[in-house]
Amino acid sequence: MEFDRPTDLDTALQLVADSPEAELLAGGTDLMVELNFSRRNPSHVIGLRRIAELVEWNGPRIGAGVTYTTMEQGAVRALAQAARTVGSPQIRNAGTIGGNLGTASPAGDTLPVLAALDAAVELRSATGTRSPRWDEFITGVKRTTRRPDEIITAAVLPEDLPPRQEFAKIGVRNAMVISMVSACVMRWDDGRTTIALGAVGPAPIRARRAEAMIAAEQSPSPAAVEEFARLVTEEVRPITDHRGTETYRRHASGVLAKRLLERVLAA
Amino acid sequence: MRITFQVNGEERSTDVHGAESLLDVLRDRLALPGSKNACEQGECGSCSVVLDGELVCSCLVMAVDADSSTVTTVEGLTDGDHLHPVQEVMLDAGGVQCGFCTPGFVVAAAHLFAADPTPSDDDIMEALAGNVCRCTGYGSILRGLSALAEANRHGGEP
Amino acid sequence: MTTTAPPQTTIRHGIGESVRRPDGVPKVTGNFAFSSDLSATGMLWGATLRSPYPHAEITKLDTAPALAVPGVAAVMTWEDVPGRKTYGLEVADQPVLSDGRVCYWGEPVAIAAAETPEDARAALAAIVVEYDELEPLTDAEEAAAAGETFRTITVRRGDRDVAGAVVVEGEYVVGMQDQAPLGPESGLAIPDDQGGVDLYVATQWSHTDHAQIIASLDKSPDEVRVHLSGIGGAFGAREDVSLQIHLCLLALRTGRPVKMVYDRSESFVGHVHRHPAKLWYRHEATEDGDLVKVTARLLFDGGAYTSSSPAVIGNATYFAVGPYRCDNVSVDGIMVRTNNPPCGAMRGFGAVQACFGHESQMDKLAAALGMDPLDLRQRNALGTGDHMPTTGQLVETPLPTARMIDELRAMPGAPELSAEHPLHLPGGTGLTTDPAHITRGVGYAISIKNLAFSEGFDDYTEVRVVIDAAGVEVHTAAAEVGQGLVTLCQQIARTVLGIENIVVRFDDTSLIGSAGSTSASRQTQMTGGAVEAASRALLADILDAYRADRLDDAGAWHNGELVASLEHIADHGPNERHIRFRHPPTETADENGQGRLHVDFAVAGHRATVDVDRELGLVRVVRIDTVQDVGKVLNPAALVGQVEGGVMQGVGLGMMEELIIEDGIIKNPNFTDYLLPTFADAPEVHARFIEEPSIFGPFGAKGAGEPPAISSTAAVAAAISNAIERRIARVPIRPDDIIGITPKSF
């Protein structure tokens with residue numbers, strides 16, 4: 001196995017340009033599991049941990065190498081809440097937002113936050129930079145539009161973040177658990193509400209009918225909150241697997257939607 | 001591939017094979033079997049080490065990626081015959097049974113106490129939630145570490 | 001037998017003290033050698049090829065390509081097993097390597113040894129094997145209907161025609177739990193130069209491994225030596241042979257040391273599990289709440305091979321009623337054979353499943369009677385001098401069920417919900433639940449368990465106590481799996497002999513006879529009892545020989561004068577006692593399941609307090625209060641450790657621990673999806689102990705390992721049922737079950 005560990009981004013971009021088959025290694029929390037169980041056998045790995053540019057967090061631009069631990073302590077409330085639910089302290093010290101995006105698991109914990117914020121994903125290659133919106137980037141279960149010659153360099157949030165943000169995640173135990181359902185609700189300055197849910201579809205799901213319904217309400221009544229939650233249960237697309245049932249996930253999506261909306265509305 | 005790094009204060013060099021983990025290299029090539037292999041996927045904490053100042057699961061660190069880094073394992077916490085305070089309280093409180101999770105707990109708890117000598121019980125539980133113990137039910141570990149935090153609050157011995 | 005004689009003198013670090021473990025320092029420093037830490041010069045790595053089907057015929061098996069892989073030293077199949085081709089704890093029905101038909105997913109088909117683990121895996125990949133898939137039998141009811149059983153037991157006691165005024169029926173389901181010891185299966189086999197082999201392995205019972213190994217290797221007993229190596233937990237998972245025979249085969253074939261370590265996913269198929277069970281019960285009582293009749297049918301799925309299934313269904317059946325008096329009992333225990341993963345021993349051993357059934361029924365009955373659940377239990381509590389409801393056996397040991405219920409009731413309850421940290425709420429740091437969403441529930445359950453081996457088994461343990469110049473060595477082959485037997489043996493010998501310096505040596509199978517298994521809560525009473533008996537005998541020998549009145553680390557004393565130094569005693573004797581210790585005999589059951597089947601019993605009770613988010617079906621187990629009948633507290637910290645650890649496994653079965661099997665295949669053989677409770681899930685545990693000395697065992701101590709893991713599960717289920725005002729008849733309890741939206745097939 002060939003291993004490279006560039007210390008600057010340009011070198012890294014040249015390496016992926018020359019070796020598009022190479023696996024990219026960030027925190028290792030996803031890739032190493034695959035390797036430990038011999039489920040993958042890469043001929044070339046490019047380690048990204050030493051690239052200082054990737055761990056920079058400037059305003060709305062969060063470098064791909066920023067760890068969950070850093071996000072947990074950061075100023076974006078919902079992202080901090082989501083990061084705190086990831087794995088264990090050991091995992092949060094290693095895992096990165098770029099890795100969460102790159103793996104694009106339906107249960108990726110930061111993804112509903114990025115979706116609710118309409119964040120973009122910055123991708124760079126030797127030939128240029130592009131920043132697709134999250135839903136132009138994640139296209140399915142562990143599927144993204146990253147080209148093999150590209151590196152995820154940042155998650156880019158809006159300049160003005162919503163003042164009210166809440167995230168919640170359901171798992172069967174209180175730590176180190178893969179999400180059965182997660183949700184993030186944002187209440188924006190202009191009165192908009194956005195909601196995204198995780199682990200209830202192949203990619204994060206924005207419940208846009210629910211958002212549209214609640215947008216008309218200046219101060220939503222309890223009945224409007226219920227209707228919001230009901231619409232969310234219609235818009236999610238959960239499945240049954242060994243971690244949970246479709247019925248539960250649909251039900252719990254509604255409950256989380258209601259609770260998080262109530263939390264962002266409670267000023 | 002050959003890597004050179006600081007392990008428990010000593011410079012060590014070793015050949016590594018392919019994508020093998022730091023855990024395998026510590027155990028099989030550097031004769032440091034204190035870090036344990038219980039899940040190989042970061043779900044148990046038995047392989048916890050401190051890598052460049054951060055607590056991580058060594059099973060999820062690709063060994064080649066640890067080149068030129070600094071690693072502290074459980075073997076590096078004992079100063080001669082002098083046990084680390086975390087080790088002392090684990091013994092006194094009965095926080096050790098089979099002992100397979102113990103090195104990981106010791107490393108994680110020592111790391112916690114280095115950052116915060118007086119953690120609350122809730123802090124301890126959240127900080128060690130990545131270390132699974134199958135024997136103790138965690139009660140004795142909590143009592144030991146809680147006593148250490150209490151002693152630190154009063155600047156005395158546990 | 002002396003059990004209550006006071007210690008000769010009070011000695012530091014004797015019984016009753018929370019003495020530190022002698023292996024504690026190496027364990028906290030990382031220097032303790034577990035079986036997975038061993039290595040030897042010239043060592044090869046072994047690996048196992050396993051069936052990808054739960055039921056199939058092997059139509060082609062060609063190992064030649066694997067032998068051509070660089071670094072590969074040996075590849076072996078069933079044809080290479082020189083002796084008996086099968087093994088097993090009770091019945092040798094499990095192939096060492098598949099003989100052509102695989103009967104469960106993960107059954108070993110071939111083994112390889114190579115220079116590196118990667119080479120060994122490459123060898124497995126190169127083996128050509130073709131299967132014809134067969135229809136797997138995976139439904140326990142179908143298996144029962146087809147007569148595919150390992151054992152059926154019929155208990156018929158009293159009058160089957162009596163009826164009670166109040167009748168409750170229920171059906172209950174228990175999922176498949178795994179022991180999940182953190183140390184994976186591992187071992188090292190080193191061939192000697194005379195055709196024999198030394199095996200270093202983590203096991204619960206080296207002598208039964210030894211017997212199975214020599215049968216399959218076709219070796220004489222002295223050619224194979226099994227050495228106890230550092231054991232990373234057990235809980236039943238290491239009672240059966242896993243890699244023992246494979247390692248010896250490869251070492252003898254290659255003439256080189258061979259090491260094998262299972263990874264976690266292989267560990268999940270490499271050992272037996274706790275039996276999943278379906279239980280049907282009918283309880284009948286008078287209007288005053290006296291149990292009149294209990295009828296039950298217990299259906300356990302043993303999986304593909306026998307393992308200890310016959311004994312497990314024995315326990316389930318004989319403890320089906322729980323610690324209650326009842327004169328009319330009819331229980332059918334059925335252990336079926338399927339193509340599901342083999343099941344066998346796990347802490348609680350059949351009593352766990354039965355307890356969930358009988359305790360759910362007692363709550364249901366209390367509700368039907370309009371009685372307090374503890375009052376109902378108290379009214380029917382089984383005690384010394386009563387007859388076991390199932391077997392009719394007279395209970396001779398102290399059985400403080402009634403006192404235990406009183407003490408449990410009197411324990412202070414959990415404090416009000418504290419929401420200062422999210423870990424105190426259901427959902428934890430997932431922030432799912434606000435205090436306003438919580439309903440608190442409290443539930444009780446009690447249990448009874450036999451101690452040591454039953455049903456006429458010749459249960460013994462050997463111990464050798466030897467004086468040397470420095471102190472005393474205690475020799476045993478008992479497996480120290482983490483529970484702290486090593487400390488108890490020291491404390492017992494110390495207290496009896498008056499000598500502080502006690503070293504415990506875990507001997508290999510060639511040096512001492514069997515200690516029996518570290519299971520059935522038996523080692524404290526058996527090996528601890530043997531240490532006590534041997535120490536007392538040796539003390540008497542020495543005092544007699546030197547006309548002394550006292551012994552200590554200096555030597556033997558008479559009227560305050562040292563009459564023989566320890567060194568002198570070590571040189572001239574009497575300096576050794578080697579005994580084989582047996583508990584009072586038991587007998588096998590008659591055709592109605594009646595007889596004196598058990599030597600001793602212990603009861604335990606648990607109160608669970610839970611906070612439930614009824615809307616999301618999430619639970620925080622807040623606290624477990626427990627009272628346990630332990631005979632005598634020998635080491636308080638170690639005992640509390642057994643209780644807290646056992647409770648956690650019981651809570652795990654109640655809330656999250658389940659191997660999910662679909663068409664015979666384990667869907668979650670990893671720690672990502674087989675969820676063990678973490679620190680963040682741990683309830684506070686408050687324990688009290690009842691000390692009424694047992695009829696046998698050191699200083700009256702009873703075994704204490706299993707009872708914490710039995711009624712804790714049922715108590716959690718009762719507490720959740722209490723919170724949601726609806727009985728949940730299935731563990732682990734899933735969010736869907738709490739909300740009441742569980743689909744039929746799930």
# chains A, B, ... in the order shown; residues from 1 in each chain; ligands from 1
call {"tool": "residues_around", "arguments": {"residues": "stretch 17-25 of chain A", "least_positions_apart": "3", "cutoff": "7 Å", "atoms": "only C-alpha atoms", "output": "list in words"}}
result
Leu13, Gln14, Gly28, Leu31, Pro42, His44, Val45, Ile46, Gly47, Leu48, Ala126, Pro148 and Asp149 of chain A
call {"tool": "residues_around", "arguments": {"residues": "C:Gln353", "least_positions_apart": "3", "cutoff": "9 Å", "atoms": "only C-alpha atoms", "output": "JSON, numbers by chain"}}
result
{"C": [173, 174, 275, 276, 277, 278, 279, 316, 320, 348, 349, 350, 356, 357, 710]}
call {"tool": "atom_distance", "arguments": {"atom1": "atom CA of B:Pro119", "atom2": "atom CA of C:Leu676"}}
result
24.5 Å
call {"tool": "residues_around", "arguments": {"residues": "stretch 364-371 of chain C", "least_positions_apart": "4", "cutoff": "7 Å", "atoms": "only C-alpha atoms", "output": "MDAnalysis selection string"}}
result
chainID C and resid 168 287 289 360 375:376
call {"tool": "residues_around", "arguments": {"residues": "B:Ser35", "least_positions_apart": "2", "cutoff": "10 Å", "atoms": "only C-alpha atoms", "output": "MDAnalysis selection string"}}
result
(chainID B and resid 23:24 26:27 32:33 37:38 45:49 57:59 73:75 100:104 107) or (chainID C and resid 30:31 37)
call {"tool": "write_last_selection", "arguments": {"atoms": "C-alpha atoms", "output": "short mmCIF file (atom, residue, chain, number, x, y, z; two decimals), in the first residue's frame"}}
result
data_model
loop_
_atom_site.label_atom_id
_atom_site.label_comp_id
_atom_site.auth_asym_id
_atom_site.auth_seq_id
_atom_site.Cartn_x
_atom_site.Cartn_y
_atom_site.Cartn_z
CA LEU B 23 -2.99 -0.64 17.88
CA ASP B 24 -1.51 -3.58 15.98
CA LEU B 26 1.94 -1.08 19.45
CA ARG B 27 0.95 -4.61 20.38
CA LEU B 32 3.38 -2.78 24.18
CA PRO B 33 0.36 -5.08 24.61
CA ASN B 37 -8.07 -5.26 21.02
CA ALA B 38 -11.73 -5.76 21.84
CA GLY B 45 -12.26 2.25 24.11
CA SER B 46 -10.01 -0.63 25.19
CA CYS B 47 -7.29 0.58 22.83
CA SER B 48 -7.35 4.21 23.99
CA VAL B 49 -4.08 6.11 23.69
CA CYS B 57 -8.86 4.82 19.71
CA SER B 58 -5.59 3.42 18.42
CA CYS B 59 -7.50 0.83 16.39
CA THR B 73 -0.05 4.35 26.08
CA VAL B 74 -1.02 2.84 29.41
CA GLU B 75 2.56 1.65 29.78
CA PHE B 100 -9.45 -6.11 29.81
CA CYS B 101 -11.04 -2.65 29.62
CA THR B 102 -8.85 -1.31 32.40
CA PRO B 103 -5.89 0.04 30.39
CA GLY B 104 -8.28 2.00 28.18
CA VAL B 107 -5.64 6.18 29.80
CA GLY C 30 -1.14 -2.91 31.20
CA ASN C 31 1.30 -5.61 32.25
CA ASP C 37 -1.16 -10.93 24.53
#
call {"tool": "atom_distance", "arguments": {"atom1": "atom CA of C:His55", "atom2": "atom CA of C:Gly664"}}
result
8.5 Å
call {"tool": "interface_residues", "arguments": {"of": "chain C", "to": "chain B", "cutoff": "8 Å", "atoms": "only C-alpha atoms", "output": "PyMOL selection string"}}
result
chain C and resi 20-21+24-25+27-32+34+37+180-184+231-233+263-264+421+423+481-484+637-638+641-642+644-649+670-672+676-680+682+684-685
call {"tool": "write_last_selection", "arguments": {"atoms": "C-alpha atoms", "output": "tab-separated table (two decimals), in the first residue's frame"}}
result
chain	number	residue	atom	x	y	z
C	20	ARG	CA	-7.20	-5.26	46.74
C	21	ARG	CA	-6.85	-7.85	43.99
C	24	GLY	CA	-4.69	-5.48	40.23
C	25	VAL	CA	-1.41	-3.69	39.70
C	27	LYS	CA	-4.04	-4.99	35.27
C	28	VAL	CA	-3.98	-1.20	35.76
C	29	THR	CA	-0.49	-0.85	34.31
C	30	GLY	CA	-1.14	-2.91	31.20
C	31	ASN	CA	1.30	-5.61	32.25
C	32	PHE	CA	-1.20	-8.38	32.88
C	34	PHE	CA	-4.22	-11.89	28.64
C	37	ASP	CA	-1.16	-10.93	24.53
C	180	ALA	CA	-19.77	-10.25	25.07
C	181	PRO	CA	-16.75	-10.54	27.34
C	182	LEU	CA	-14.35	-7.81	26.27
C	183	GLY	CA	-11.44	-10.20	25.82
C	184	PRO	CA	-11.87	-12.02	22.53
C	231	ILE	CA	-9.00	-14.20	30.90
C	232	GLY	CA	-10.82	-11.11	29.71
C	233	GLY	CA	-14.24	-11.89	31.20
C	263	ASP	CA	-11.91	-10.46	16.10
C	264	ARG	CA	-15.19	-9.20	17.51
C	421	HIS	CA	-27.27	17.08	33.05
C	423	LEU	CA	-27.33	12.09	30.96
C	481	VAL	CA	-12.27	-14.72	34.96
C	482	GLY	CA	-12.30	-11.37	36.71
C	483	GLN	CA	-14.77	-12.15	39.48
C	484	GLY	CA	-12.11	-12.07	42.19
C	637	ALA	CA	-15.97	-4.36	47.30
C	638	ALA	CA	-15.70	-7.51	45.22
C	641	GLY	CA	-18.69	-5.42	41.94
C	642	GLN	CA	-20.45	-8.70	41.18
C	644	GLU	CA	-23.29	-3.95	39.95
C	645	GLY	CA	-21.85	-5.85	37.00
C	646	GLY	CA	-24.61	-8.45	37.05
C	647	VAL	CA	-27.28	-5.80	37.36
C	648	MET	CA	-25.85	-4.02	34.35
C	649	GLN	CA	-26.06	-7.20	32.27
C	670	ASN	CA	-20.33	-6.15	16.19
C	671	PHE	CA	-20.23	-3.54	18.94
C	672	THR	CA	-21.79	-0.92	16.68
C	676	LEU	CA	-23.67	-2.93	25.63
C	677	PRO	CA	-24.70	-0.40	28.24
C	678	THR	CA	-22.16	2.41	28.55
C	679	PHE	CA	-21.17	4.57	31.48
C	680	ALA	CA	-23.82	7.02	30.29
C	682	ALA	CA	-25.42	3.08	34.09
C	684	GLU	CA	-27.01	3.88	40.37
C	685	VAL	CA	-27.04	0.58	42.21
call {"tool": "residues_around", "arguments": {"residues": "C:Leu382", "least_positions_apart": "2", "cutoff": "8 Å", "atoms": "only C-alpha atoms", "output": "short mmCIF file (atom, residue, chain, number, x, y, z; two decimals) with C-alpha atoms, in the first residue's frame"}}
result
data_model
loop_
_atom_site.label_atom_id
_atom_site.label_comp_id
_atom_site.auth_asym_id
_atom_site.auth_seq_id
_atom_site.Cartn_x
_atom_site.Cartn_y
_atom_site.Cartn_z
CA PRO C 323 -39.18 -18.47 44.95
CA TYR C 324 -42.82 -19.12 45.79
CA ARG C 325 -44.75 -21.87 47.51
CA ASN C 380 -46.23 -16.76 48.84
CA THR C 384 -36.38 -22.83 54.57
CA ASP C 386 -40.76 -25.36 52.41
CA HIS C 387 -40.78 -27.57 49.35
CA MET C 388 -39.64 -26.35 45.97
CA LEU C 399 -33.64 -19.05 52.10
CA THR C 401 -37.08 -14.73 50.68
CA ALA C 402 -39.53 -13.11 53.05
#
call {"tool": "select_by_dssp", "arguments": {"residues": "stretch 20-221 of chain A", "states": "strand (DSSP E)", "output": "ChimeraX atom specification"}}
result
/A:23-25,44-47,57-58,61-63,120-125,128-130,138-140,143-144,151-156,164-170,181-187,193-198,205-206
call {"tool": "interface_residues", "arguments": {"of": "chain A", "to": "chain B", "cutoff": "9 Å", "atoms": "only C-alpha atoms", "output": "JSON, numbers by chain"}}
result
{"A": [1, 2, 3, 4, 5, 25, 27, 28, 29, 30, 31, 32, 33, 34, 35, 36, 37, 41, 42, 43, 45, 47, 49, 87, 88, 89, 90, 91, 92, 93, 94, 174, 175, 176]}
call {"tool": "write_last_selection", "arguments": {"atoms": "N, CA and C atoms", "output": "tab-separated table (two decimals), in the first residue's frame"}}
result
chain	number	residue	atom	x	y	z
A	1	MET	N	0.84	-1.20	0.00
A	1	MET	CA	0.00	0.00	0.00
A	1	MET	C	0.87	1.24	0.00
A	2	GLU	N	0.53	2.16	-0.87
A	2	GLU	CA	1.25	3.43	-0.94
A	2	GLU	C	0.56	4.42	0.01
A	3	PHE	N	1.36	5.19	0.72
A	3	PHE	CA	0.78	6.16	1.65
A	3	PHE	C	1.44	7.51	1.47
A	4	ASP	N	0.62	8.53	1.32
A	4	ASP	CA	1.14	9.89	1.25
A	4	ASP	C	0.49	10.72	2.34
A	5	ARG	N	1.30	11.64	2.85
A	5	ARG	CA	0.73	12.50	3.87
A	5	ARG	C	1.17	13.94	3.62
A	25	LEU	N	-7.93	9.61	3.73
A	25	LEU	CA	-8.01	9.29	5.15
A	25	LEU	C	-8.01	10.58	5.95
A	27	GLY	N	-10.09	11.47	9.75
A	27	GLY	CA	-10.01	11.01	11.14
A	27	GLY	C	-9.88	9.51	11.27
A	28	GLY	N	-10.22	8.78	10.22
A	28	GLY	CA	-10.05	7.33	10.23
A	28	GLY	C	-11.21	6.58	10.86
A	29	THR	N	-12.20	7.30	11.37
A	29	THR	CA	-13.23	6.60	12.15
A	29	THR	C	-14.18	5.78	11.28
A	30	ASP	N	-14.24	6.10	10.00
A	30	ASP	CA	-15.02	5.25	9.09
A	30	ASP	C	-14.10	4.30	8.32
A	31	LEU	N	-13.08	4.87	7.69
A	31	LEU	CA	-12.23	4.07	6.81
A	31	LEU	C	-11.52	2.94	7.56
A	32	MET	N	-11.02	3.23	8.75
A	32	MET	CA	-10.25	2.20	9.46
A	32	MET	C	-11.11	1.00	9.86
A	33	VAL	N	-12.39	1.24	10.12
A	33	VAL	CA	-13.26	0.11	10.43
A	33	VAL	C	-13.34	-0.83	9.23
A	34	GLU	N	-13.48	-0.23	8.06
A	34	GLU	CA	-13.53	-1.02	6.82
A	34	GLU	C	-12.23	-1.81	6.64
A	35	LEU	N	-11.13	-1.16	6.92
A	35	LEU	CA	-9.83	-1.81	6.72
A	35	LEU	C	-9.59	-2.89	7.78
A	36	ASN	N	-9.96	-2.61	9.02
A	36	ASN	CA	-9.74	-3.60	10.08
A	36	ASN	C	-10.50	-4.89	9.80
A	37	PHE	N	-11.66	-4.78	9.19
A	37	PHE	CA	-12.43	-5.97	8.89
A	37	PHE	C	-12.23	-6.43	7.44
A	41	ASN	N	-9.41	-2.84	0.57
A	41	ASN	CA	-7.98	-3.11	0.52
A	41	ASN	C	-7.33	-2.11	-0.42
A	42	PRO	N	-7.19	-0.87	0.02
A	42	PRO	CA	-6.74	0.17	-0.89
A	42	PRO	C	-5.26	-0.01	-1.26
A	43	SER	N	-4.94	0.37	-2.48
A	43	SER	CA	-3.54	0.30	-2.90
A	43	SER	C	-2.83	1.60	-2.58
A	45	VAL	N	-3.32	5.29	-0.12
A	45	VAL	CA	-4.09	6.10	0.83
A	45	VAL	C	-3.41	7.45	0.94
A	47	GLY	N	-3.32	10.61	3.39
A	47	GLY	CA	-3.70	11.09	4.71
A	47	GLY	C	-3.81	12.61	4.71
A	49	ARG	N	-4.62	14.50	7.54
A	49	ARG	CA	-4.60	15.10	8.89
A	49	ARG	C	-3.59	16.22	9.06
A	87	GLY	N	-20.50	9.25	18.53
A	87	GLY	CA	-19.61	8.25	19.13
A	87	GLY	C	-19.24	8.56	20.56
A	88	SER	N	-17.94	8.63	20.79
A	88	SER	CA	-17.39	8.82	22.13
A	88	SER	C	-16.39	9.97	22.04
A	89	PRO	N	-15.86	10.41	23.17
A	89	PRO	CA	-14.82	11.44	23.10
A	89	PRO	C	-13.68	11.04	22.16
A	90	GLN	N	-13.31	9.75	22.22
A	90	GLN	CA	-12.22	9.28	21.35
A	90	GLN	C	-12.56	9.50	19.88
A	91	ILE	N	-13.80	9.19	19.52
A	91	ILE	CA	-14.24	9.33	18.12
A	91	ILE	C	-14.33	10.81	17.76
A	92	ARG	N	-14.83	11.60	18.69
A	92	ARG	CA	-15.02	13.02	18.40
A	92	ARG	C	-13.68	13.75	18.26
A	93	ASN	N	-12.65	13.22	18.92
A	93	ASN	CA	-11.33	13.82	18.77
A	93	ASN	C	-10.72	13.52	17.40
A	94	ALA	N	-11.19	12.46	16.77
A	94	ALA	CA	-10.58	12.04	15.50
A	94	ALA	C	-11.47	12.41	14.31
A	174	ASN	N	-27.36	5.79	25.58
A	174	ASN	CA	-27.09	7.20	25.83
A	174	ASN	C	-25.75	7.69	25.32
A	175	ALA	N	-24.95	6.83	24.75
A	175	ALA	CA	-23.68	7.25	24.16
A	175	ALA	C	-23.32	6.24	23.09
A	176	MET	N	-22.39	6.61	22.23
A	176	MET	CA	-21.88	5.69	21.21
A	176	MET	C	-23.00	4.95	20.52
call {"tool": "closest_atom_pairs", "arguments": {"of": "chain A", "to": "chain C", "cutoff": "7 Å", "atoms": "only C-alpha atoms", "output": "tab-separated table"}}
result
residue	atom	partner	partner_atom	distance
A:Arg84	CA	C:Thr429	CA	6.9
A:Thr85	CA	C:Gly430	CA	5.8
A:Ala168	CA	C:Leu431	CA	5.2
A:Lys169	CA	C:Gly430	CA	4.6
A:Ile170	CA	C:Gly430	CA	6.1
A:Gly171	CA	C:Gly427	CA	6.9
A:Val172	CA	C:Met656	CA	6.7
A:Arg173	CA	C:Asp681	CA	6.6
A:Asn174	CA	C:Gly428	CA	4.9
A:Ala175	CA	C:Ala680	CA	6.1
A:Tyr248	CA	C:Asp736	CA	6.1
A:Ala252	CA	C:Leu616	CA	6.1
call {"tool": "select_by_dssp", "arguments": {"residues": "stretch 128-293 of chain C", "states": "alpha helix (DSSP H)", "output": "PyMOL selection string"}}
result
chain C and resi 140-145+206-217+244-254+264-270
call {"tool": "residues_around", "arguments": {"residues": "stretch 544-552 of chain C", "least_positions_apart": "5", "cutoff": "9 Å", "atoms": "only C-alpha atoms", "output": "ChimeraX atom specification"}}
result
/C:8-9,471,497-500,539,557-560,562-564,566,573-574
call {"tool": "atom_distance", "arguments": {"atom1": "atom CA of C:Gln525", "atom2": "atom CA of C:Gly302"}}
result
28.9 Å
call {"tool": "residues_around", "arguments": {"residues": "C:Ser447", "least_positions_apart": "6", "cutoff": "9 Å", "atoms": "only C-alpha atoms", "output": "JSON list (two decimals) with N, CA and C atoms, in the first residue's frame"}}
result
[["chain", "number", "residue", "atom", "x", "y", "z"],
["C", 319, "PHE", "N", -36.86, -23.81, 37.92],
["C", 319, "PHE", "CA", -37.06, -22.51, 38.58],
["C", 319, "PHE", "C", -38.17, -21.70, 37.92],
["C", 322, "GLY", "N", -40.32, -19.64, 40.36],
["C", 322, "GLY", "CA", -39.68, -18.62, 41.18],
["C", 322, "GLY", "C", -39.70, -19.03, 42.63],
["C", 323, "PRO", "N", -39.30, -18.12, 43.53],
["C", 323, "PRO", "CA", -39.18, -18.47, 44.95],
["C", 323, "PRO", "C", -40.53, -18.37, 45.66],
["C", 351, "ALA", "N", -32.45, -19.48, 34.34],
["C", 351, "ALA", "CA", -33.28, -18.84, 35.36],
["C", 351, "ALA", "C", -33.69, -17.44, 34.94],
["C", 352, "VAL", "N", -32.87, -16.81, 34.09],
["C", 352, "VAL", "CA", -33.14, -15.44, 33.66],
["C", 352, "VAL", "C", -34.44, -15.38, 32.86],
["C", 355, "CYS", "N", -37.45, -16.22, 34.97],
["C", 355, "CYS", "CA", -37.76, -15.15, 35.91],
["C", 355, "CYS", "C", -38.59, -14.06, 35.25],
["C", 359, "GLU", "N", -42.13, -13.50, 37.04],
["C", 359, "GLU", "CA", -42.32, -12.21, 37.69],
["C", 359, "GLU", "C", -43.34, -11.33, 36.95],
["C", 602, "ALA", "N", -29.96, -19.55, 46.25],
["C", 602, "ALA", "CA", -29.88, -18.16, 46.73],
["C", 602, "ALA", "C", -31.01, -17.37, 46.11],
["C", 603, "VAL", "N", -31.51, -16.42, 46.87],
["C", 603, "VAL", "CA", -32.54, -15.53, 46.34],
["C", 603, "VAL", "C", -31.99, -14.11, 46.23],
["C", 604, "ALA", "N", -32.59, -13.36, 45.35],
["C", 604, "ALA", "CA", -32.24, -11.95, 45.20],
["C", 604, "ALA", "C", -33.49, -11.20, 44.79],
["C", 605, "GLY", "N", -33.52, -9.92, 45.10],
["C", 605, "GLY", "CA", -34.64, -9.08, 44.70],
["C", 605, "GLY", "C", -34.14, -7.76, 44.17],
["C", 606, "HIS", "N", -34.87, -7.23, 43.21],
["C", 606, "HIS", "CA", -34.48, -5.95, 42.61],
["C", 606, "HIS", "C", -35.67, -5.01, 42.53],
["C", 707, "PRO", "N", -27.16, -14.27, 40.72],
["C", 707, "PRO", "CA", -28.42, -13.64, 41.13],
["C", 707, "PRO", "C", -28.60, -12.18, 40.69],
["C", 710, "ILE", "N", -30.36, -11.88, 37.27],
["C", 710, "ILE", "CA", -31.59, -12.62, 37.00],
["C", 710, "ILE", "C", -32.83, -11.74, 37.12],
["C", 711, "SER", "N", -33.12, -11.29, 38.34],
["C", 711, "SER", "CA", -34.36, -10.50, 38.45],
["C", 711, "SER", "C", -34.20, -9.04, 38.07]]
call {"tool": "decode", "arguments": {"residues": "stretch 277-290 of chain C", "atoms": "C-alpha atoms", "output": "mmCIF file, in the first residue's frame"}}
result
data_model
loop_
_atom_site.group_PDB
_atom_site.id
_atom_site.type_symbol
_atom_site.label_atom_id
_atom_site.label_comp_id
_atom_site.auth_asym_id
_atom_site.auth_seq_id
_atom_site.Cartn_x
_atom_site.Cartn_y
_atom_site.Cartn_z
ATOM 1 C CA ALA C 277 -37.167 -18.218 24.754
ATOM 2 C CA LYS C 278 -40.922 -18.203 24.414
ATOM 3 C CA LEU C 279 -42.772 -18.706 27.667
ATOM 4 C CA TRP C 280 -46.428 -19.394 28.307
ATOM 5 C CA TYR C 281 -47.763 -19.243 31.865
ATOM 6 C CA ARG C 282 -51.008 -19.659 33.721
ATOM 7 C CA HIS C 283 -51.141 -18.722 37.389
ATOM 8 C CA GLU C 284 -54.114 -19.565 39.551
ATOM 9 C CA ALA C 285 -54.642 -18.182 43.027
ATOM 10 C CA THR C 286 -57.254 -17.904 45.737
ATOM 11 C CA GLU C 287 -59.011 -14.605 46.161
ATOM 12 C CA ASP C 288 -56.679 -13.967 49.084
ATOM 13 C CA GLY C 289 -53.661 -14.339 46.853
ATOM 14 C CA ASP C 290 -52.404 -17.804 47.714
#
